[in-house]
Each structure stands twice: as structure tokens, then as C-alpha cells.
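Text of entry-v6.txt (compact mmCIF, C-alpha atoms and all ligand atoms) as supplied:
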```
# COMPACT_ATOMS: atom_id res chain seq x y z
CA MET A 287 -19.82 56.14 84.85
CA ASP A 288 -18.38 56.51 81.36
CA ARG A 289 -20.74 55.89 78.51
CA ILE A 290 -20.68 52.23 77.65
CA SER A 291 -18.38 52.44 74.65
CA GLU A 292 -19.95 49.68 72.59
CA PRO A 293 -23.54 50.61 71.83
CA GLN A 294 -25.63 47.48 71.88
CA ALA A 295 -23.10 45.67 74.03
CA PHE A 296 -24.52 42.32 75.00
CA GLN A 297 -24.42 40.69 78.32
CA ARG A 298 -26.01 37.42 79.25
CA ARG A 299 -24.19 36.72 82.49
CA CYS A 300 -25.21 38.37 85.75
CA GLU A 301 -21.71 38.62 87.24
CA GLU A 302 -20.26 40.17 84.11
CA LEU A 303 -23.15 42.58 83.79
CA ARG A 304 -22.39 43.76 87.29
CA LEU A 305 -18.72 44.26 86.39
CA GLN A 306 -19.63 46.08 83.21
CA LEU A 307 -22.01 48.45 84.97
CA GLY A 308 -19.80 48.75 88.05
CA GLY A 309 -19.55 52.29 89.37
CA SER A 310 -22.70 53.44 87.62
CA GLY A 311 -23.91 54.75 90.93
CA ALA A 312 -20.97 57.06 91.44
CA ALA A 313 -22.40 59.81 89.28
CA GLY A 314 -25.88 59.49 90.71
CA HIS A 315 -28.44 58.23 88.25
CA ALA A 316 -26.25 57.70 85.22
CA LEU A 317 -28.12 54.56 84.28
CA GLY A 318 -31.70 54.29 83.14
CA PHE A 319 -33.16 50.81 83.34
CA VAL A 320 -36.22 49.34 81.62
CA PRO A 321 -37.11 45.78 82.65
CA THR A 322 -39.30 43.93 80.13
CA MET A 323 -40.39 40.48 79.04
CA GLY A 324 -39.66 41.27 75.39
CA ALA A 325 -41.97 41.11 72.35
CA LEU A 326 -41.33 44.82 72.41
CA HIS A 327 -43.80 47.40 71.15
CA ALA A 328 -44.13 51.17 71.15
CA GLY A 329 -45.20 51.14 74.81
CA HIS A 330 -41.87 49.65 75.81
CA LEU A 331 -40.05 52.15 73.59
CA SER A 332 -41.86 55.00 75.33
CA LEU A 333 -40.27 53.75 78.56
CA VAL A 334 -36.86 53.85 76.88
CA ALA A 335 -37.52 57.44 75.82
CA GLU A 336 -38.53 58.28 79.39
CA ALA A 337 -35.38 56.60 80.75
CA LYS A 338 -33.29 58.72 78.41
CA ARG A 339 -34.79 61.84 79.95
CA HIS A 340 -33.36 60.74 83.31
CA ALA A 341 -30.07 59.08 82.46
CA ARG A 342 -27.16 59.10 80.05
CA CYS A 343 -27.13 55.33 79.45
CA VAL A 344 -30.14 53.09 79.09
CA ALA A 345 -30.15 49.34 79.76
CA LEU A 346 -33.16 47.20 78.87
CA SER A 347 -33.65 43.67 80.09
CA ILE A 348 -35.62 41.01 78.25
CA PHE A 349 -36.54 38.07 80.42
CA VAL A 350 -39.73 36.04 80.38
CA ASN A 351 -39.71 35.41 84.10
CA PRO A 352 -41.05 31.92 84.86
CA THR A 353 -41.81 32.61 88.54
CA GLN A 354 -44.49 35.19 87.74
CA PHE A 355 -46.57 32.78 85.66
CA GLY A 356 -49.06 30.53 87.41
CA PRO A 357 -50.02 26.99 86.43
CA GLY A 358 -52.02 27.00 83.20
CA GLU A 359 -50.92 30.52 82.27
CA ASP A 360 -49.13 31.43 79.06
CA LEU A 361 -45.44 31.01 79.98
CA ASP A 362 -44.79 28.53 77.19
CA ARG A 363 -46.52 30.46 74.47
CA TYR A 364 -45.61 33.97 75.66
CA PRO A 365 -44.53 35.83 72.48
CA ARG A 366 -40.79 35.83 71.91
CA ASP A 367 -39.06 37.79 69.16
CA MET A 368 -35.45 38.34 70.11
CA ALA A 369 -34.29 39.42 66.65
CA GLY A 370 -37.10 41.96 66.30
CA ASP A 371 -36.57 43.19 69.87
CA LEU A 372 -32.85 43.75 69.35
CA GLU A 373 -33.52 45.71 66.19
CA LEU A 374 -36.04 47.92 68.00
CA CYS A 375 -33.55 48.45 70.84
CA ARG A 376 -30.84 49.37 68.37
CA ARG A 377 -33.09 51.90 66.67
CA ALA A 378 -34.24 53.32 70.01
CA GLY A 379 -30.63 53.86 71.10
CA VAL A 380 -30.63 51.40 73.98
CA ASP A 381 -27.03 51.11 75.17
CA LEU A 382 -27.17 47.65 76.65
CA VAL A 383 -29.60 44.78 76.33
CA PHE A 384 -29.57 42.17 79.08
CA THR A 385 -31.01 38.82 77.97
CA PRO A 386 -30.37 36.30 80.72
CA GLU A 387 -31.42 32.67 80.60
CA ALA A 388 -33.52 31.35 83.48
CA PRO A 389 -30.66 29.38 85.13
CA SER A 390 -28.60 32.57 85.32
CA MET A 391 -31.39 34.42 87.13
CA TYR A 392 -32.39 31.38 89.20
CA PRO A 393 -29.21 29.34 89.68
CA PRO A 394 -29.34 25.91 91.28
CA GLY A 395 -30.15 26.22 94.97
CA ASP A 396 -32.01 29.50 94.49
CA GLU A 397 -34.67 29.78 97.17
CA THR A 398 -35.14 33.41 98.10
CA ARG A 399 -38.41 35.11 97.26
CA VAL A 400 -39.55 38.69 97.78
CA ARG A 401 -43.15 39.64 98.37
CA THR A 402 -45.28 42.51 99.52
CA ARG A 403 -48.32 41.94 101.67
CA THR A 404 -51.50 43.90 101.19
CA LEU A 405 -50.60 45.59 97.90
CA ALA A 406 -50.43 42.25 96.11
CA GLN A 407 -53.70 40.88 97.47
CA GLY A 408 -56.38 42.62 95.42
CA LEU A 409 -56.84 43.25 91.69
CA CYS A 410 -54.58 40.92 89.67
CA GLY A 411 -53.32 39.30 92.87
CA ARG A 412 -56.69 37.70 93.49
CA SER A 413 -56.69 35.59 90.34
CA ARG A 414 -52.89 35.37 90.08
CA PRO A 415 -51.86 34.64 93.68
CA GLU A 416 -48.16 33.95 93.02
CA HIS A 417 -47.70 36.54 90.32
CA PHE A 418 -46.41 39.51 92.27
CA GLU A 419 -44.04 37.43 94.35
CA GLY A 420 -42.45 36.36 91.05
CA VAL A 421 -42.38 39.97 89.84
CA CYS A 422 -40.85 41.32 93.07
CA THR A 423 -38.26 38.56 93.14
CA VAL A 424 -37.06 39.06 89.59
CA VAL A 425 -37.11 42.85 89.83
CA ALA A 426 -35.17 42.69 93.12
CA LYS A 427 -32.55 40.55 91.38
CA LEU A 428 -32.42 42.95 88.44
CA PHE A 429 -32.11 45.98 90.73
CA ALA A 430 -29.29 44.32 92.64
CA LEU A 431 -27.50 43.68 89.33
CA ALA A 432 -28.12 47.13 87.90
CA GLY A 433 -27.05 49.04 90.99
CA PRO A 434 -28.04 52.68 91.38
CA CYS A 435 -30.29 53.68 88.51
CA VAL A 436 -33.57 55.20 87.42
CA ALA A 437 -35.93 52.34 86.62
CA VAL A 438 -38.93 53.08 84.43
CA PHE A 439 -42.15 51.08 84.69
CA GLY A 440 -45.42 51.57 82.80
CA ARG A 441 -48.63 52.62 84.49
CA LYS A 442 -50.26 50.03 82.24
CA ASP A 443 -49.36 47.60 85.05
CA TYR A 444 -50.42 50.01 87.76
CA GLN A 445 -50.52 47.50 90.60
CA GLN A 446 -47.07 46.28 89.63
CA LEU A 447 -45.77 49.87 89.63
CA LYS A 448 -47.14 50.48 93.13
CA ILE A 449 -45.68 47.21 94.42
CA ILE A 450 -42.24 47.90 92.92
CA GLU A 451 -42.24 51.42 94.35
CA ARG A 452 -43.01 49.98 97.76
CA MET A 453 -40.45 47.21 97.47
CA ALA A 454 -37.69 49.60 96.35
CA GLN A 455 -38.50 51.83 99.29
CA ASP A 456 -38.79 49.05 101.85
CA LEU A 457 -35.58 47.30 100.80
CA TRP A 458 -33.54 50.48 100.34
CA PHE A 459 -32.71 49.76 96.75
CA PRO A 460 -30.63 52.62 95.31
CA VAL A 461 -33.18 52.91 92.54
CA LYS A 462 -35.47 55.78 91.64
CA ILE A 463 -38.75 54.44 90.26
CA VAL A 464 -40.42 56.43 87.50
CA GLY A 465 -43.94 55.64 86.27
CA ALA A 466 -44.67 56.25 82.58
CA PRO A 467 -48.08 56.84 80.95
CA ILE A 468 -50.00 54.08 79.21
CA PHE A 469 -49.14 54.03 75.52
CA ARG A 470 -52.19 53.28 73.39
CA GLU A 471 -53.07 52.54 69.80
CA LEU A 472 -54.95 55.41 68.12
CA ASP A 473 -58.26 53.68 68.79
CA GLY A 474 -57.44 53.41 72.49
CA LEU A 475 -56.28 49.80 72.86
CA ALA A 476 -53.49 49.76 75.42
CA MET A 477 -50.39 48.29 73.81
CA SER A 478 -49.42 44.90 75.17
CA SER A 479 -47.25 42.02 74.03
CA ARG A 480 -50.33 39.84 74.56
CA ASN A 481 -52.24 41.79 71.89
CA ARG A 482 -50.32 39.55 69.47
CA TYR A 483 -52.59 36.71 70.56
CA LEU A 484 -55.73 38.49 69.37
CA SER A 485 -57.51 37.65 66.14
CA ALA A 486 -58.95 40.62 64.21
CA GLU A 487 -62.36 39.90 65.69
CA GLU A 488 -60.95 39.65 69.23
CA ARG A 489 -58.95 42.82 68.78
CA ALA A 490 -62.17 44.68 67.96
CA ARG A 491 -63.76 43.24 71.12
CA ALA A 492 -60.67 44.14 73.15
CA LEU A 493 -61.52 47.79 72.58
CA SER A 494 -64.26 47.25 75.15
CA LEU A 495 -61.67 47.70 77.91
CA CYS A 496 -60.81 51.29 77.01
CA ARG A 497 -64.44 51.90 76.03
CA GLY A 498 -65.47 50.84 79.53
CA LEU A 499 -62.86 53.10 81.12
CA ARG A 500 -64.10 55.96 78.98
CA ALA A 501 -67.74 55.38 79.93
CA ALA A 502 -66.89 55.35 83.63
CA ARG A 503 -64.70 58.42 83.32
CA ASP A 504 -67.44 60.30 81.49
CA ALA A 505 -69.85 59.40 84.29
CA PHE A 506 -67.30 60.49 86.90
CA ARG A 507 -66.85 63.80 85.08
CA SER A 508 -70.61 64.25 85.11
CA GLY A 509 -70.52 63.98 88.87
CA GLU A 510 -71.22 60.29 89.48
CA ARG A 511 -69.55 59.26 92.76
CA SER A 512 -71.09 55.85 93.43
CA ALA A 513 -68.37 53.22 93.06
CA GLU A 514 -70.98 50.64 92.13
CA ARG A 515 -72.53 52.75 89.38
CA LEU A 516 -69.13 53.74 88.01
CA ARG A 517 -68.09 50.09 87.91
CA ALA A 518 -71.38 49.20 86.21
CA GLN A 519 -70.62 51.67 83.40
CA CYS A 520 -67.39 49.87 82.69
CA GLU A 521 -68.83 46.37 83.06
CA GLU A 522 -71.60 47.17 80.59
CA ALA A 523 -69.06 47.88 77.84
CA LEU A 524 -67.16 44.67 78.59
CA LEU A 525 -70.25 42.50 78.64
CA ALA A 526 -71.51 44.04 75.40
CA ALA A 527 -68.33 42.72 73.77
CA SER A 528 -68.67 39.31 75.46
CA ALA A 529 -65.45 39.85 77.38
CA ARG A 530 -65.18 37.64 80.48
CA ILE A 531 -64.60 39.98 83.41
CA ASP A 532 -61.88 39.05 85.90
CA TYR A 533 -62.34 42.26 87.86
CA VAL A 534 -63.52 45.83 87.54
CA GLU A 535 -62.37 47.69 90.62
CA ILE A 536 -62.15 51.25 91.83
CA VAL A 537 -59.23 51.80 94.14
CA ASP A 538 -57.27 54.51 95.87
CA ALA A 539 -54.49 55.45 93.43
CA ARG A 540 -51.96 55.73 96.28
CA ASN A 541 -52.41 52.42 98.07
CA LEU A 542 -54.84 50.37 95.95
CA ALA A 543 -57.41 50.20 98.76
CA PRO A 544 -60.81 49.51 97.15
CA PHE A 545 -63.64 52.03 97.22
CA THR A 546 -66.93 50.24 97.62
CA ASP A 547 -69.28 53.09 98.47
CA GLN A 548 -68.69 56.70 97.43
CA VAL A 549 -65.47 57.64 95.69
CA PRO A 550 -63.64 60.89 96.46
CA ALA A 551 -63.00 63.63 93.89
CA GLN A 552 -59.30 62.84 93.53
CA GLY A 553 -56.90 59.93 93.36
CA VAL A 554 -59.49 57.47 92.03
CA MET A 555 -58.17 54.62 89.91
CA LEU A 556 -60.40 52.37 87.83
CA ALA A 557 -58.67 49.10 86.95
CA VAL A 558 -59.98 46.29 84.80
CA ALA A 559 -58.90 42.80 83.78
CA ALA A 560 -60.89 40.74 81.31
CA PHE A 561 -60.50 37.79 79.00
CA VAL A 562 -61.15 38.31 75.33
CA GLY A 563 -61.19 34.77 74.01
CA LYS A 564 -58.30 33.11 75.84
CA THR A 565 -56.32 36.32 76.21
CA ARG A 566 -56.30 38.11 79.53
CA LEU A 567 -55.97 41.86 79.11
CA ILE A 568 -55.63 44.63 81.68
CA ASP A 569 -56.16 48.37 81.53
CA ASN A 570 -56.72 51.24 83.92
CA THR A 571 -57.16 54.95 84.17
CA GLN A 572 -57.38 57.59 86.84
CA LEU A 573 -60.98 58.80 86.76
CA ASP A 574 -59.99 62.29 87.85
CA GLY A 575 -57.09 62.41 85.40
CA ASP A 576 -56.87 63.64 81.84
CA GLU A 577 -55.18 60.68 80.15
CA ALA A 578 -56.26 60.33 76.51
CA LEU A 579 -58.18 57.07 76.16
CA GLY A 580 -58.40 57.07 72.37
CA GLY A 581 -61.47 56.94 70.15
CA GLU A 582 -62.72 60.19 71.63
CA GLN A 583 -63.01 62.21 68.46
P1 LIG A 601 -43.86 43.61 79.97
O1 LIG A 601 -42.84 43.35 78.91
O2 LIG A 601 -45.26 43.46 79.51
O3 LIG A 601 -43.55 42.92 81.26
O4 LIG A 601 -43.74 45.16 80.28
C1 LIG A 601 -42.51 45.76 80.60
C2 LIG A 601 -42.75 47.18 81.04
O5 LIG A 601 -43.39 47.88 79.99
C3 LIG A 601 -43.65 47.28 82.27
O6 LIG A 601 -43.18 48.33 83.09
C4 LIG A 601 -44.99 47.63 81.66
O7 LIG A 601 -45.83 48.34 82.53
C5 LIG A 601 -44.56 48.49 80.50
N1 LIG A 601 -45.59 48.57 79.48
C6 LIG A 601 -46.18 47.52 78.84
N2 LIG A 601 -47.13 47.97 78.00
C7 LIG A 601 -47.15 49.32 78.12
C8 LIG A 601 -47.92 50.37 77.53
N3 LIG A 601 -48.87 50.13 76.65
N4 LIG A 601 -47.65 51.65 77.90
C9 LIG A 601 -46.70 51.91 78.82
N5 LIG A 601 -45.94 50.98 79.41
C10 LIG A 601 -46.16 49.70 79.07
```
Here is a file; write its structure as C-alpha cells.
Amino acid sequence: MDRISEPQAFQRRCEELRLQLGGSGAAGHALGFVPTMGALHAGHLSLVAEAKRHARCVALSIFVNPTQFGPGEDLDRYPRDMAGDLELCRRAGVDLVFTPEAPSMYPPGDETRVRTRTLAQGLCGRSRPEHFEGVCTVVAKLFALAGPCVAVFGRKDYQQLKIIERMAQDLWFPVKIVGAPIFRELDGLAMSSRNRYLSAEERARALSLCRGLRAARDAFRSGERSAERLRAQCEEALLAASARIDYVEIVDARNLAPFTDQVPAQGVMLAVAAFVGKTRLIDNTQLDGDEALGGEQ
């Protein structure tokens, strides 16, 4: 596909987007694609940079997808900053920004949903039972619109990454999925659009998530292999900051199957979700990995 001649071309209509990107598959992975819900931050921009390593053109979508929010969740107050987002995209060299409205993604009569089975059951799926069906559905629509591409997703949402990988494989989407590292503030807080909800005092308490990951990883590195004791290390940090724990789980990094007894030496993922005030935050790390978790100096 030729480079999209107008940098920052806009497209709000699905059919026209498809026409505009038509043929992008011909040259293999000419298109890099970064789906987001906007309120962009440096973590999102790191995905753009990763997409650029794989593709000549990068498209980024901004869509606060209503079907992935449950009743009582933050759909209505989810941070929106279209002007700021577009400026960040322009500076990051995004070639095309796709900003559909909900009726374009879910036109009248829409009734198809996409879901995985076991992968969506644990972790965030337990407290957000409809969430991943909404995610799979919107990402399937976006993939169908984008056509062949390299799609970059953050490991910040590790369960989501695993589910999308599985969905793309199962449904034969012509999409290569790339997982990108968690982008953190210097002190370790994983960047998230929802961090905008936090007061200064809550932000300080939110550091308990990465502190808990660090404590468990230190214990793992010292040879601790009891899933329960590793989890307890993490929980202690969260409780010390009066965070309300949704889950602290240790799972197999490949298939998200929980470890309840002893954990192996490799492929061990610790994932956490907790409320700080009203804000639900998630974080994770591979205990046998070497990801920087901040605040280590
Ligand atoms: P969201 O806008 O929160 O739906 O996120 C859009 C994409 O950005 C998803 O693939 C997320 O995993 C990814 N993402 C969000 N925060 C981060 C982060 N701190 N580091 C890396 N990727 C992230």
C-alpha cells in the first residue's frame, strides 16, 4: 500500500476507512494498528513506536467501547480528551486516527458478539463478566476494518492480550499480534488513562500495586515457590495502602491457568486488580522476568 498521503487523515466512517486502507494487505504488514480508548498517555505512544518498528503506516483508533463496560462502571465518566489525543498522535507521527461514534461501530440491528471461553473466566473476567466479550467484539470489528496489519497491544492488559491473540488465531484474522511492555512512571506506577481519576493521596497509595509486585518478585528471586506465600507478599503491600483487593493471582503466562500450590521456575505471571478509592487499577509482572518495576534504586 502507498503511504497514506495526508498525514493525520481523519476517518470516522467504517466503510470509508475500509476503502482508504484497501489493499494494505498486499504488501504484507504495511499497516501497524493501535486500538485505544483515548485519553492517551506515554504508554499508548510506546505502542505507536512499537507499531512503527513493524509497519510503514500506523493507524490508531480511539473509541470508548460501550459494550466492554458493565453496569455501574465508569463508561460515562471515562476520561475523554480528543483535542489532546490528536495533538499527541500528530507529534508521534500517527498516519491515521480512527474516531468512530458508537452507532457506526454498532449500527441498528447489530447483534453479533465474539467471546472466548476459559481465557475470559478468571482474573478480570470474574468481576467483569461481560467485559471481554465487549473487547473481543470491538476488536474483531476493528480488525475486519483494518484488514491485514500488525496490531500492537500492551502487556499492561495481559489477559486482554492473551484473549486477543487467541481470538485472532481462532478466527483467522490476517493480523499479527504484538505485545508491548508495560510503560511505567519513574516511581513504578503503570500508566493508565484511569490514573487521571486519582487524587494526589490516592496516587501515592496506587504505588502499592507495583510495590506488591516487587515484593513478590523479590521473594520469587529468593527461591520462594509457594503460590500462597507469593500472593501474600503482594497482598500485604496492597492492604498496607488500604487498597481494596479485587484479585491477586498467580497464573501460567501462556494460558492464564491459576497456580494454587507450587509455582514453576518459568512462565509465572502475577496479576493484580485493586480499587484505590473508587478507581480500579490493574498491574502485572512475570515473576521470572526482568521487567523494571520502578522505585528500585
Ligand atoms: P486503553 O486505551 O486503556 O484501552 O489501552 C489501549 C492499549 O494501550 C491497550 O493495548 C493497553 O494494553 C495499552 N496500554 C495501556 N496502558 C499501557 C501501559 N502503561 N503500557 C503499555 N501499554 C499500555
Please return as an NGL selection string the residues found within 10 Å of ligand LIG 601 (chain A), counting only C-alpha atoms and all ligand atoms. :A and (320-334 or 346-351 or 421 or 437-447 or 450 or 464-471 or 475-480 or 568-569)
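Take the candidates A:Ala454, A:Ala502, A:Cys435, A:Ala486 and check each one against Cys422 of chain A using all atoms listed in the file; the shortest distance goes to A:Ala454.
Using only C-alpha atoms, the smallest distance between any of A:Leu573, A:Met555, A:Ala529, A:Val534 and Cys410 of chain A comes from A:Val534.
Atom CA of Leu516 of chain A lies 11.8 Å from atom CA of Val537 of chain A.
With atom CA of Arg507 of chain A on one side and atom CA of Ile536 of chain A on the other, the separation reads 15.0 Å.
Here atom CA of Leu457 of chain A and atom CA of Ala559 of chain A stand 29.2 Å from one another.
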Taking (-65.7, 51.5, 87.8) in the file's coordinates as the center, which residues reach within 12 Å of it, counting all atoms listed in the file, put as a PyMOL selection string? chain A and resi 495-506+510-524+533-537+544-549+554-559+569-573
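If you count only C-alpha atoms and ignore residues fewer than 4 places along the chain from Ser413 of chain A, what sits within 12 Å of it is Phe355, Gly356, Pro357, Glu359, Ala406, Gln407, Gly408, Leu409, His417, Phe418, Ile531, Asp532, Tyr533, Ala559, Ala560 and Arg566 of chain A.
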When you count all atoms listed in the file, which of these residues is closest to Met391 of chain A: A:Arg452, A:Lys427, A:Lys462, A:Arg491? A:Lys427
Excluding Tyr483 of chain A and any residue of its chain fewer than 2 positions from it, enumerate the residues within 12 Å of it, using all atoms listed in the file, and give them as a PyMOL selection string. chain A and resi 325+360+363-366+478-481+485-489+492+561-567
Non-local contacts of Pro389 of chain A (12 Å; all atoms listed in the file; under 3 positions in same chain excluded) as a list in words: Arg298, Arg299, Cys300, Phe349, Asn351, Pro352, Thr385, Pro386, Tyr392, Pro393, Pro394, Gly395 and Asp396 of chain A
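Closest approach to Glu336 of chain A from the set A:Ile463, A:Glu373, A:Glu451, A:Ala539 is made by A:Ile463, with distances taken over only C-alpha atoms.
The smallest atom-to-atom distance between Thr404 of chain A and any of A:Glu301, A:Ala527, A:Lys448, A:Val383, using all atoms listed in the file, is found for A:Lys448.
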Could you give me, as number ranges by chain, the residues within 9 Å of Ala432 of chain A, counting only C-alpha atoms and dropping anything in the same chain fewer than 2 positions from it? A: 303-304, 307-308, 310, 317, 319, 345, 427-430, 434-435, 461
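Comparing the minimum interatomic distances between Arg401 of chain A and each of A:Gln354, A:Leu305, A:Cys375, A:Ala369, counting all atoms listed in the file, we find that A:Gln354 sits nearest.
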